[in-house]
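The file structure32.csv comes next; it holds CSV, C-alpha atoms.
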```csv
chain,number,residue,atom,x,y,z
A,1319,MET,CA,186.2,-0.9,93.7
A,1320,GLY,CA,188.1,-0.6,90.4
A,1321,PHE,CA,191.9,-0.4,90.0
A,1322,TRP,CA,192.0,3.4,89.4
A,1323,LYS,CA,189.7,4.2,92.4
A,1324,HIS,CA,192.0,2.2,94.6
A,1325,ILE,CA,195.1,4.1,93.3
A,1326,ARG,CA,193.3,7.4,93.4
A,1327,PRO,CA,190.5,7.4,96.1
A,1328,ARG,CA,188.8,10.7,97.0
A,1329,PHE,CA,190.3,10.6,100.4
A,1330,VAL,CA,193.6,9.3,101.8
A,1331,TRP,CA,195.0,9.0,105.3
A,1332,SER,CA,196.8,12.2,106.3
A,1333,SER,CA,199.9,10.1,107.0
A,1334,ALA,CA,200.0,9.2,103.2
A,1335,ALA,CA,200.4,12.9,102.5
A,1336,SER,CA,203.2,13.3,105.0
A,1337,PHE,CA,206.6,13.8,103.3
A,1338,ARG,CA,208.6,12.9,106.4
A,1339,TYR,CA,207.1,9.4,106.8
A,1340,THR,CA,207.8,8.0,103.3
A,1341,PHE,CA,210.1,10.6,101.8
A,1342,CYS,CA,208.2,9.9,98.6
A,1343,LEU,CA,210.8,7.2,97.9
A,1344,GLY,CA,208.3,4.8,96.2
A,1345,GLY,CA,206.8,7.6,94.1
A,1346,LEU,CA,210.3,8.8,93.1
A,1347,SER,CA,211.2,5.3,92.1
A,1348,PHE,CA,208.1,5.1,89.8
A,1349,LEU,CA,209.0,8.6,88.4
A,1350,ALA,CA,212.5,7.4,87.7
A,1351,PHE,CA,211.0,4.4,85.9
A,1352,ILE,CA,208.8,6.7,83.7
A,1353,VAL,CA,211.9,8.8,82.8
A,1354,LEU,CA,213.8,5.6,82.0
A,1355,ALA,CA,210.9,4.3,79.8
A,1356,LEU,CA,210.6,7.5,77.8
A,1357,THR,CA,214.4,8.1,77.4
A,1358,GLY,CA,214.9,4.4,76.7
A,1359,LEU,CA,212.2,4.5,74.0
A,1360,LEU,CA,214.1,7.4,72.3
A,1361,LEU,CA,217.4,5.7,72.6
A,1362,MET,CA,215.9,2.6,70.9
A,1363,PHE,CA,215.6,4.6,67.7
A,1364,HIS,CA,219.4,4.8,67.4
A,1365,TYR,CA,220.9,2.0,69.5
A,1366,GLU,CA,221.9,-1.1,67.5
A,1367,PRO,CA,222.3,-4.4,69.4
A,1368,GLY,CA,224.9,-6.7,68.1
A,1369,SER,CA,228.2,-5.9,66.5
A,1370,GLY,CA,227.5,-2.2,66.1
A,1371,SER,CA,226.4,-1.4,69.6
A,1372,PHE,CA,229.5,0.4,70.9
A,1373,ASN,CA,229.6,2.5,67.7
A,1374,SER,CA,225.9,3.3,67.9
A,1375,ILE,CA,226.5,4.7,71.5
A,1376,LEU,CA,229.2,6.9,70.1
A,1377,THR,CA,226.8,8.1,67.4
A,1378,ILE,CA,224.1,8.8,69.9
A,1379,HIS,CA,226.6,10.7,72.1
A,1380,SER,CA,228.3,12.7,69.3
A,1381,TYR,CA,225.9,13.1,66.3
A,1382,ILE,CA,222.3,12.7,67.3
A,1383,PRO,CA,220.7,16.0,68.4
A,1384,PHE,CA,220.3,16.0,72.2
A,1385,GLY,CA,221.5,12.4,72.1
A,1386,ASP,CA,224.0,12.9,74.9
A,1387,ILE,CA,221.5,14.6,77.2
A,1388,ILE,CA,218.9,11.8,76.6
A,1389,ARG,CA,221.5,9.1,77.2
A,1390,SER,CA,222.7,10.9,80.4
A,1391,LEU,CA,219.1,11.3,81.6
A,1392,HIS,CA,218.6,7.6,81.1
A,1393,TYR,CA,221.9,6.8,82.9
A,1394,TRP,CA,221.2,9.1,85.9
A,1395,ALA,CA,217.5,8.0,86.2
A,1396,GLY,CA,218.7,4.4,86.3
A,1397,GLN,CA,221.3,5.2,89.1
A,1398,ILE,CA,218.7,7.1,91.1
A,1399,MET,CA,216.1,4.4,90.7
A,1400,VAL,CA,218.4,1.8,92.2
A,1401,LEU,CA,219.2,4.2,95.1
A,1402,THR,CA,215.5,5.2,95.8
A,1403,VAL,CA,214.3,1.6,95.6
A,1404,THR,CA,217.0,0.5,98.1
A,1405,LEU,CA,216.3,3.4,100.4
A,1406,HIS,CA,212.5,2.7,100.1
A,1407,MET,CA,213.2,-0.9,101.2
A,1408,LEU,CA,215.3,0.3,104.2
A,1409,ARG,CA,212.5,2.7,105.1
A,1410,VAL,CA,209.9,-0.1,105.0
A,1411,ILE,CA,212.1,-2.3,107.2
A,1412,TRP,CA,212.7,0.6,109.6
A,1413,THR,CA,209.0,1.3,110.0
A,1414,LYS,CA,208.2,-2.4,110.0
A,1415,SER,CA,205.6,-1.8,107.2
A,1416,TYR,CA,206.0,-5.3,105.9
A,1417,LYS,CA,204.0,-6.8,108.8
A,1418,PRO,CA,200.7,-8.7,108.1
A,1419,PRO,CA,198.6,-8.1,106.1
A,1420,ARG,CA,201.3,-6.8,103.8
A,1421,GLU,CA,203.5,-9.9,103.5
A,1422,LEU,CA,202.6,-10.4,99.8
A,1423,ASN,CA,203.2,-6.8,98.9
A,1424,TRP,CA,206.6,-6.9,100.7
A,1425,ILE,CA,207.6,-9.9,98.5
A,1426,VAL,CA,206.4,-8.1,95.4
A,1427,GLY,CA,208.5,-5.1,96.6
A,1428,ILE,CA,211.6,-7.3,97.0
A,1429,SER,CA,211.0,-8.8,93.5
A,1430,LEU,CA,210.8,-5.2,92.2
A,1431,LEU,CA,214.2,-4.4,93.8
A,1432,ILE,CA,215.7,-7.5,92.2
A,1433,LEU,CA,214.2,-6.7,88.8
A,1434,THR,CA,215.5,-3.1,89.1
A,1435,LEU,CA,219.0,-4.5,89.8
A,1436,PHE,CA,218.7,-6.8,86.7
A,1437,LEU,CA,217.6,-3.8,84.6
A,1438,ASP,CA,220.6,-1.8,85.7
A,1439,PHE,CA,222.9,-4.7,85.1
A,1440,THR,CA,221.5,-5.5,81.6
A,1441,GLY,CA,221.8,-1.8,80.8
A,1442,PHE,CA,225.4,-1.8,81.8
A,1443,LEU,CA,226.0,-4.9,79.5
A,1444,LEU,CA,224.4,-3.0,76.6
A,1445,ARG,CA,227.1,-0.4,76.7
A,1446,ALA,CA,229.3,-3.0,75.1
A,1447,SER,CA,232.5,-1.6,76.5
A,1448,GLN,CA,235.5,-3.7,77.7
A,1449,GLU,CA,234.2,-3.2,81.3
A,1450,SER,CA,230.7,-4.4,80.5
A,1451,THR,CA,232.0,-7.4,78.5
A,1452,SER,CA,234.1,-8.5,81.5
A,1453,ALA,CA,231.0,-8.1,83.8
A,1454,GLY,CA,228.9,-10.1,81.3
A,1455,THR,CA,231.5,-12.9,81.3
A,1456,ILE,CA,231.6,-13.0,85.1
A,1457,ALA,CA,227.7,-13.1,85.3
A,1458,HIS,CA,227.6,-15.7,82.6
A,1459,ASN,CA,230.1,-17.9,84.5
A,1460,LEU,CA,228.2,-17.4,87.8
A,1461,VAL,CA,224.9,-18.6,86.2
A,1462,THR,CA,226.6,-21.7,84.8
A,1463,LEU,CA,227.5,-22.7,88.4
A,1464,ILE,CA,223.8,-23.4,89.1
A,1465,PRO,CA,223.7,-27.2,89.3
A,1466,GLY,CA,221.8,-28.9,86.5
A,1467,VAL,CA,220.3,-26.0,84.6
A,1468,GLY,CA,223.2,-23.5,84.8
A,1469,LEU,CA,224.5,-23.9,81.2
A,1470,ASP,CA,221.1,-23.7,79.6
A,1471,LEU,CA,220.0,-20.8,81.8
A,1472,ALA,CA,223.2,-18.9,80.9
A,1473,TYR,CA,222.5,-19.4,77.2
A,1474,MET,CA,218.9,-18.3,77.6
A,1475,ILE,CA,219.9,-15.1,79.4
A,1476,PHE,CA,223.1,-14.1,77.7
A,1477,GLY,CA,223.1,-16.0,74.4
A,1478,GLU,CA,226.4,-16.5,72.6
A,1479,SER,CA,229.5,-15.0,74.4
A,1480,THR,CA,230.2,-11.5,73.2
A,1481,SER,CA,233.5,-9.6,72.6
A,1482,PRO,CA,234.0,-5.9,73.5
A,1483,GLY,CA,232.1,-3.7,71.1
A,1484,THR,CA,229.2,-6.1,70.6
A,1485,SER,CA,226.1,-6.7,72.8
A,1486,SER,CA,223.8,-9.7,73.0
A,1487,LEU,CA,220.4,-9.5,71.3
A,1488,LYS,CA,218.9,-11.5,74.1
A,1489,VAL,CA,220.2,-9.1,76.8
A,1490,TYR,CA,218.7,-6.3,74.7
A,1491,VAL,CA,215.3,-7.9,74.6
A,1492,PHE,CA,215.4,-8.6,78.3
A,1493,HIS,CA,216.4,-4.9,79.0
A,1494,CYS,CA,213.9,-3.3,76.7
A,1495,VAL,CA,210.8,-5.7,76.8
A,1496,PHE,CA,210.7,-8.4,79.4
A,1497,LEU,CA,212.2,-6.6,82.5
A,1498,PRO,CA,210.4,-3.2,82.0
A,1499,LEU,CA,207.0,-4.9,81.4
A,1500,SER,CA,207.5,-7.1,84.5
A,1501,VAL,CA,208.4,-4.0,86.6
A,1502,PHE,CA,205.5,-2.1,85.2
A,1503,PHE,CA,202.8,-4.7,86.0
A,1504,LEU,CA,204.3,-5.5,89.4
A,1505,GLN,CA,204.4,-1.7,90.2
A,1506,GLY,CA,200.7,-1.5,89.3
A,1507,TYR,CA,199.9,-4.3,91.7
A,1508,HIS,CA,202.2,-2.9,94.4
A,1509,PHE,CA,200.5,0.5,94.4
A,1510,TRP,CA,197.0,-1.0,94.2
A,1511,LYS,CA,197.8,-3.3,97.2
A,1512,ILE,CA,199.3,-0.4,99.2
A,1513,ARG,CA,195.9,1.4,99.1
A,1514,LYS,CA,193.9,-1.8,99.6
A,1515,ASP,CA,195.9,-2.7,102.7
A,1516,GLY,CA,195.3,0.7,104.2
A,1517,GLY,CA,197.9,3.2,102.9
A,1518,VAL,CA,201.3,3.9,104.2
A,1519,LYS,CA,200.6,4.3,107.9
A,1520,PRO,CA,202.5,1.7,110.0
A,1521,LEU,CA,200.3,-0.9,111.6
B,851,MET,CA,185.1,-5.7,107.8
B,852,LYS,CA,187.3,-4.1,110.4
B,853,PRO,CA,189.7,-1.5,109.1
B,854,PHE,CA,193.4,-2.3,109.2
B,855,ILE,CA,194.2,1.1,110.7
B,856,LYS,CA,192.4,2.4,113.7
B,857,ALA,CA,191.6,6.1,113.5
B,858,SER,CA,193.5,8.1,116.1
B,859,LYS,CA,193.8,11.9,116.7
B,860,SER,CA,196.9,12.0,114.4
B,861,THR,CA,195.3,9.8,111.7
B,862,THR,CA,192.6,11.5,109.7
B,863,ARG,CA,191.4,11.3,106.2
B,864,VAL,CA,192.3,14.2,103.9
B,865,PRO,CA,191.2,14.9,100.2
B,866,ILE,CA,193.7,13.4,97.7
B,867,GLN,CA,194.4,16.8,96.3
B,868,SER,CA,196.9,17.5,99.2
B,869,LEU,CA,198.8,14.3,98.2
B,870,MET,CA,198.7,15.2,94.5
B,871,THR,CA,200.1,18.7,95.3
B,872,LEU,CA,203.0,17.0,97.1
B,873,GLU,CA,203.5,14.6,94.1
B,874,LYS,CA,203.6,17.4,91.6
B,875,ILE,CA,206.2,19.3,93.6
B,876,ALA,CA,208.3,16.1,94.0
B,877,THR,CA,207.9,15.4,90.2
B,878,LEU,CA,209.1,18.8,89.2
B,879,GLY,CA,212.0,18.7,91.7
B,880,PHE,CA,213.0,15.2,90.5
B,881,LEU,CA,213.0,16.1,86.8
B,882,LEU,CA,215.0,19.2,87.4
B,883,PHE,CA,217.5,17.3,89.5
B,884,CYS,CA,217.9,14.6,86.8
B,885,LEU,CA,218.3,17.3,84.1
B,886,ILE,CA,221.0,19.1,86.1
B,887,LEU,CA,222.8,15.9,86.7
B,888,ALA,CA,222.7,15.0,83.0
B,889,LEU,CA,224.0,18.4,82.0
B,890,LEU,CA,226.7,18.6,84.6
B,891,SER,CA,227.9,15.0,84.5
B,892,PRO,CA,227.2,13.2,81.2
B,893,ALA,CA,226.9,9.4,81.2
B,894,PRO,CA,230.4,7.8,80.9
B,895,ILE,CA,231.6,6.2,77.7
B,896,GLU,CA,233.9,3.4,78.7
B,897,ARG,CA,236.8,1.6,76.9
B,898,GLY,CA,235.8,0.6,73.4
B,899,PRO,CA,237.0,-2.6,71.5
B,900,GLU,CA,240.0,-0.7,70.0
B,901,ALA,CA,241.3,0.7,73.3
B,902,PRO,CA,244.2,-1.1,75.1
B,903,PRO,CA,242.9,-4.0,77.1
B,904,LEU,CA,242.0,-3.5,80.7
B,905,GLU,CA,244.3,-5.0,83.4
B,906,HIS,CA,241.5,-5.3,85.9
B,907,THR,CA,237.9,-4.1,85.9
B,908,ALA,CA,235.6,-2.7,88.6
B,909,ALA,CA,231.9,-3.6,88.6
B,910,PRO,CA,229.3,-0.8,88.6
B,911,TRP,CA,228.8,0.6,92.1
B,912,ILE,CA,225.6,-1.4,92.7
B,913,PHE,CA,227.5,-4.6,92.4
B,914,TRP,CA,230.5,-3.7,94.5
B,915,PRO,CA,229.3,-5.9,97.4
B,916,ILE,CA,229.2,-9.0,95.1
B,917,GLN,CA,232.5,-8.1,93.5
B,918,THR,CA,234.1,-7.8,96.9
B,919,LEU,CA,232.7,-11.2,98.0
B,920,LEU,CA,234.0,-12.7,94.7
B,921,LEU,CA,237.5,-11.5,95.6
B,922,VAL,CA,237.6,-13.2,98.9
B,923,LEU,CA,235.3,-16.2,98.7
B,924,PRO,CA,234.7,-19.1,96.3
B,925,ALA,CA,232.5,-18.1,93.3
B,926,TRP,CA,229.7,-20.5,94.1
B,927,LEU,CA,229.4,-19.1,97.6
B,928,ALA,CA,229.9,-15.4,96.8
B,929,GLY,CA,227.9,-15.3,93.6
B,930,LEU,CA,225.1,-17.7,94.2
B,931,VAL,CA,224.6,-18.9,97.8
B,932,ILE,CA,225.0,-15.6,99.7
B,933,PRO,CA,222.8,-13.5,97.3
B,934,ILE,CA,220.1,-16.1,97.3
B,935,LEU,CA,220.2,-16.3,101.2
B,936,VAL,CA,220.1,-12.5,101.4
B,937,VAL,CA,217.0,-12.4,99.2
B,938,LEU,CA,215.3,-15.3,101.0
B,939,THR,CA,216.0,-13.6,104.4
B,940,LEU,CA,214.6,-10.3,103.1
B,941,MET,CA,211.5,-12.0,101.8
B,942,GLY,CA,211.0,-13.9,105.1
B,943,LEU,CA,211.1,-10.7,107.2
B,944,PRO,CA,207.3,-10.7,107.9
B,945,TRP,CA,207.6,-14.1,109.4
B,946,LEU,CA,211.0,-13.5,111.1
B,947,ASN,CA,209.4,-10.5,112.8
B,948,LYS,CA,207.6,-12.9,115.1
B,949,VAL,CA,211.0,-14.0,116.5
B,950,SER,CA,211.9,-12.2,119.7
B,951,LEU,CA,215.4,-10.9,119.9
B,952,PRO,CA,217.5,-11.6,123.1
B,953,PHE,CA,218.7,-7.9,123.1
B,954,ARG,CA,217.1,-4.5,123.3
B,955,PHE,CA,217.2,-3.6,119.6
B,956,LYS,CA,214.0,-3.5,117.7
B,957,LEU,CA,213.9,-5.9,114.7
B,958,GLY,CA,213.5,-3.1,112.1
B,959,THR,CA,216.5,-1.2,113.6
B,960,PHE,CA,218.4,-4.4,113.9
B,961,PHE,CA,218.0,-5.3,110.2
B,962,VAL,CA,218.7,-1.8,108.9
B,963,THR,CA,221.8,-1.7,111.0
B,964,LEU,CA,222.9,-5.2,109.8
B,965,ILE,CA,222.5,-4.2,106.2
B,966,LEU,CA,224.4,-0.9,106.6
B,967,VAL,CA,227.2,-2.5,108.6
B,968,SER,CA,227.5,-5.4,106.1
B,969,LEU,CA,227.8,-2.9,103.2
B,970,LEU,CA,230.4,-0.9,105.2
B,971,VAL,CA,232.5,-4.0,106.0
B,972,LEU,CA,232.3,-5.1,102.3
B,973,MET,CA,233.5,-1.6,101.2
B,974,LEU,CA,236.4,-1.7,103.6
B,975,ILE,CA,237.4,-5.2,102.4
B,976,SER,CA,237.1,-4.0,98.8
B,977,ILE,CA,239.4,-1.1,99.5
B,978,SER,CA,242.0,-3.3,101.3
B,979,VAL,CA,241.9,-6.1,98.6
B,980,LEU,CA,242.0,-3.8,95.6
B,981,ARG,CA,244.8,-1.6,97.0
```
Show me the file's structure as structure tokens.
Amino acid sequence: MGFWKHIRPRFVWSSAASFRYTFCLGGLSFLAFIVLALTGLLLMFHYEPGSGSFNSILTIHSYIPFGDIIRSLHYWAGQIMVLTVTLHMLRVIWTKSYKPPRELNWIVGISLLILTLFLDFTGFLLRASQESTSAGTIAHNLVTLIPGVGLDLAYMIFGESTSPGTSSLKVYVFHCVFLPLSVFFLQGYHFWKIRKDGGVKPL
Amino acid sequence: MKPFIKASKSTTRVPIQSLMTLEKIATLGFLLFCLILALLSPAPIERGPEAPPLEHTAAPWIFWPIQTLLLVLPAWLAGLVIPILVVLTLMGLPWLNKVSLPFRFKLGTFFVTLILVSLLVLMLISISVLR
């Protein structure tokens, strides 16, 4: 059976259509991701990574038509996605829906949670404020603590150290390309596997 | 091949249209909720490079647990070892599930309670340390 027929079969278990069992948390997370992708794409037209990043945010907020609303939608969809993904994980634990044969999909789900947290954090770094620069320095220093590869890994992720007002091009690429694409493909697999493993009914 | 789910009186198959209706209602409600939030509470703009320097900074709310741990434990333990152990424990749940607990809690209830209590304790520590 093809990918689409797995995602959208003609019939589903009645439990899959029950709001009270899943609270639509997985679906809401995906919806938040779609809102983030669309608003993020619009923000990319005006956001400048590098030395002009903080000023470009001020421009988006103050001068670009509907810029403040699009940025606020991006911000709130990001906060909501972290919340819904976390609640979704708690719901899965509560109903023990990670049990065999769903081990692999559970690991994919945890990976999606971690990627969502990284997306949120890199987004915070791109604000290029004093607060985000401090957070970036702390994260950079934590990565350097990894024995052996720490320094190289920190350079790969964060690039050169930044000062308030500037953002790293590497973090920008991670936030706009690598992380969203990883989340997108893993989500596709996650949804396909849910249907393949028998829907959302607990085993 | 045997189905993973045995059909019971409460488990029947329904046309996907009923699920799609639910999804459409949830989509509209979600978009409306996001728009109201965006209009009522715009995304914050923090301190720029020309503002007076910060004396201390707070992490975004999703990283409060790690910030709290960093305040009370060595950085290598709070920022690397504990988060990695938490992730590995979560990933290992399907296999840990086979372990029987010596008390009457169910494993799902136990883990959800453990996560919520840990977050509550970290929040209390954070309040007492930052005060």
* To do: Name all residues at most 10 Å from Ala876 (chain B) (count all atoms listed in the file; drop same-chain ones fewer than 3 positions away) and give them as a ChimeraX atom specification.
  => /A:1337,1341-1342,1345-1346,1349 /B:870-873,879-882
* **Near-region 1392-1396 of chain A list (6 Å; all atoms listed in the file; drop same-chain fewer than 6 positions) as a list in words** =>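 Contacts, in chain order: Ala1350, Leu1354 and Thr1357 of chain A; Ala893 of chain B.
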* Extract, using all atoms listed in the file, all DNA, RNA and protein residues at most 9 Å from region 1467-1478 of chain A, discarding same-chain residues fewer than 5 positions from it, and format them as an NGL selection string. => :A and (1454 or 1457-1462 or 1486-1489 or 1492)
C-alpha atoms of the current selection, written as a PDB file, in the coordinates of the input:
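The result, stored in selection-v3.pdb:
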```
ATOM      1  CA  GLY A1454     228.900 -10.100  81.300  1.00  0.00           C
ATOM      2  CA  ALA A1457     227.700 -13.100  85.300  1.00  0.00           C
ATOM      3  CA  HIS A1458     227.600 -15.700  82.600  1.00  0.00           C
ATOM      4  CA  ASN A1459     230.100 -17.900  84.500  1.00  0.00           C
ATOM      5  CA  LEU A1460     228.200 -17.400  87.800  1.00  0.00           C
ATOM      6  CA  VAL A1461     224.900 -18.600  86.200  1.00  0.00           C
ATOM      7  CA  THR A1462     226.600 -21.700  84.800  1.00  0.00           C
ATOM      8  CA  SER A1486     223.800  -9.700  73.000  1.00  0.00           C
ATOM      9  CA  LEU A1487     220.400  -9.500  71.300  1.00  0.00           C
ATOM     10  CA  LYS A1488     218.900 -11.500  74.100  1.00  0.00           C
ATOM     11  CA  VAL A1489     220.200  -9.100  76.800  1.00  0.00           C
ATOM     12  CA  PHE A1492     215.400  -8.600  78.300  1.00  0.00           C
TER      13      PHE A1492
END
```
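If you measure from each of B:Leu966, B:Leu927, B:Leu919, B:Leu974 to Ile1464 (chain A) using all atoms listed in the file, the closest one turns out to be B:Leu927.
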Counting all atoms listed in the file, which residues of chain A fall within 6 Å of chain B, and what is the closest atom pair for each with its distance in Å at one decimal, ordered by chain and rising number, as a Markdown table?
```
| residue | atom | partner | partner_atom | distance |
| --- | --- | --- | --- | --- |
| A:Arg1328 | CA | B:Ile866 | CA | 5.6 |
| A:Phe1329 | CA | B:Pro865 | CA | 4.4 |
| A:Val1330 | CA | B:Arg863 | CA | 5.3 |
| A:Trp1331 | CA | B:Arg863 | CA | 4.4 |
| A:Ser1332 | CA | B:Thr862 | CA | 5.4 |
| A:Ala1335 | CA | B:Leu869 | CA | 4.8 |
| A:Ile1387 | CA | B:Ala888 | CA | 5.9 |
| A:Ser1390 | CA | B:Ala893 | CA | 4.5 |
| A:Leu1391 | CA | B:Ala888 | CA | 5.3 |
| A:Tyr1393 | CA | B:Ala893 | CA | 5.9 |
| A:Ile1411 | CA | B:Gly958 | CA | 5.2 |
| A:Trp1412 | CA | B:Gly958 | CA | 4.5 |
| A:Lys1414 | CA | B:Gly958 | CA | 5.7 |
| A:Tyr1416 | CA | B:Pro944 | CA | 5.9 |
| A:Lys1417 | CA | B:Pro944 | CA | 5.2 |
| A:Glu1421 | CA | B:Pro944 | CA | 5.9 |
| A:Ile1425 | CA | B:Met941 | CA | 5.5 |
| A:Ser1447 | CA | B:Gly898 | CA | 5.0 |
| A:Gln1448 | CA | B:Arg897 | CA | 5.5 |
| A:Glu1449 | CA | B:Thr907 | CA | 6.0 |
| A:Pro1482 | CA | B:Pro899 | CA | 4.9 |
| A:Gly1483 | CA | B:Pro899 | CA | 5.0 |
```
* **CA of Gly1427 (chain A) to CA of Lys1514 (chain A), straight-line distance in Å** =>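 Between CA of Lys1514 (chain A) and CA of Gly1427 (chain A) the gap works out to 15.3 Å.
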* Structure fact -> Between CA of Ile1456 (chain A) and CA of Val979 (chain B) lies a distance of 18.3 Å
* **For Gly1344 (chain A), the nearest of the candidates A:Leu1437, A:Val1495, A:His1406, A:Tyr1507, counting only C-alpha atoms** => A:His1406
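Minimum distance to Leu1499 (chain A) across A:Phe1351, A:Arg1513, A:Phe1384, A:Leu1343 (counting all atoms listed in the file) occurs at A:Phe1351.
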* So how far away is CA of Leu1361 (chain A) from CA of Ser1380 (chain A), in Å? -> 13.4 Å
* To do: Give as an MDAnalysis selection string each residue that has an atom at most 12 Å from (204.8, 0.4, 86.1) in the file, counting all atoms listed in the file.
  => chainID A and resid 1344:1345 1347:1355 1430 1434 1497:1510
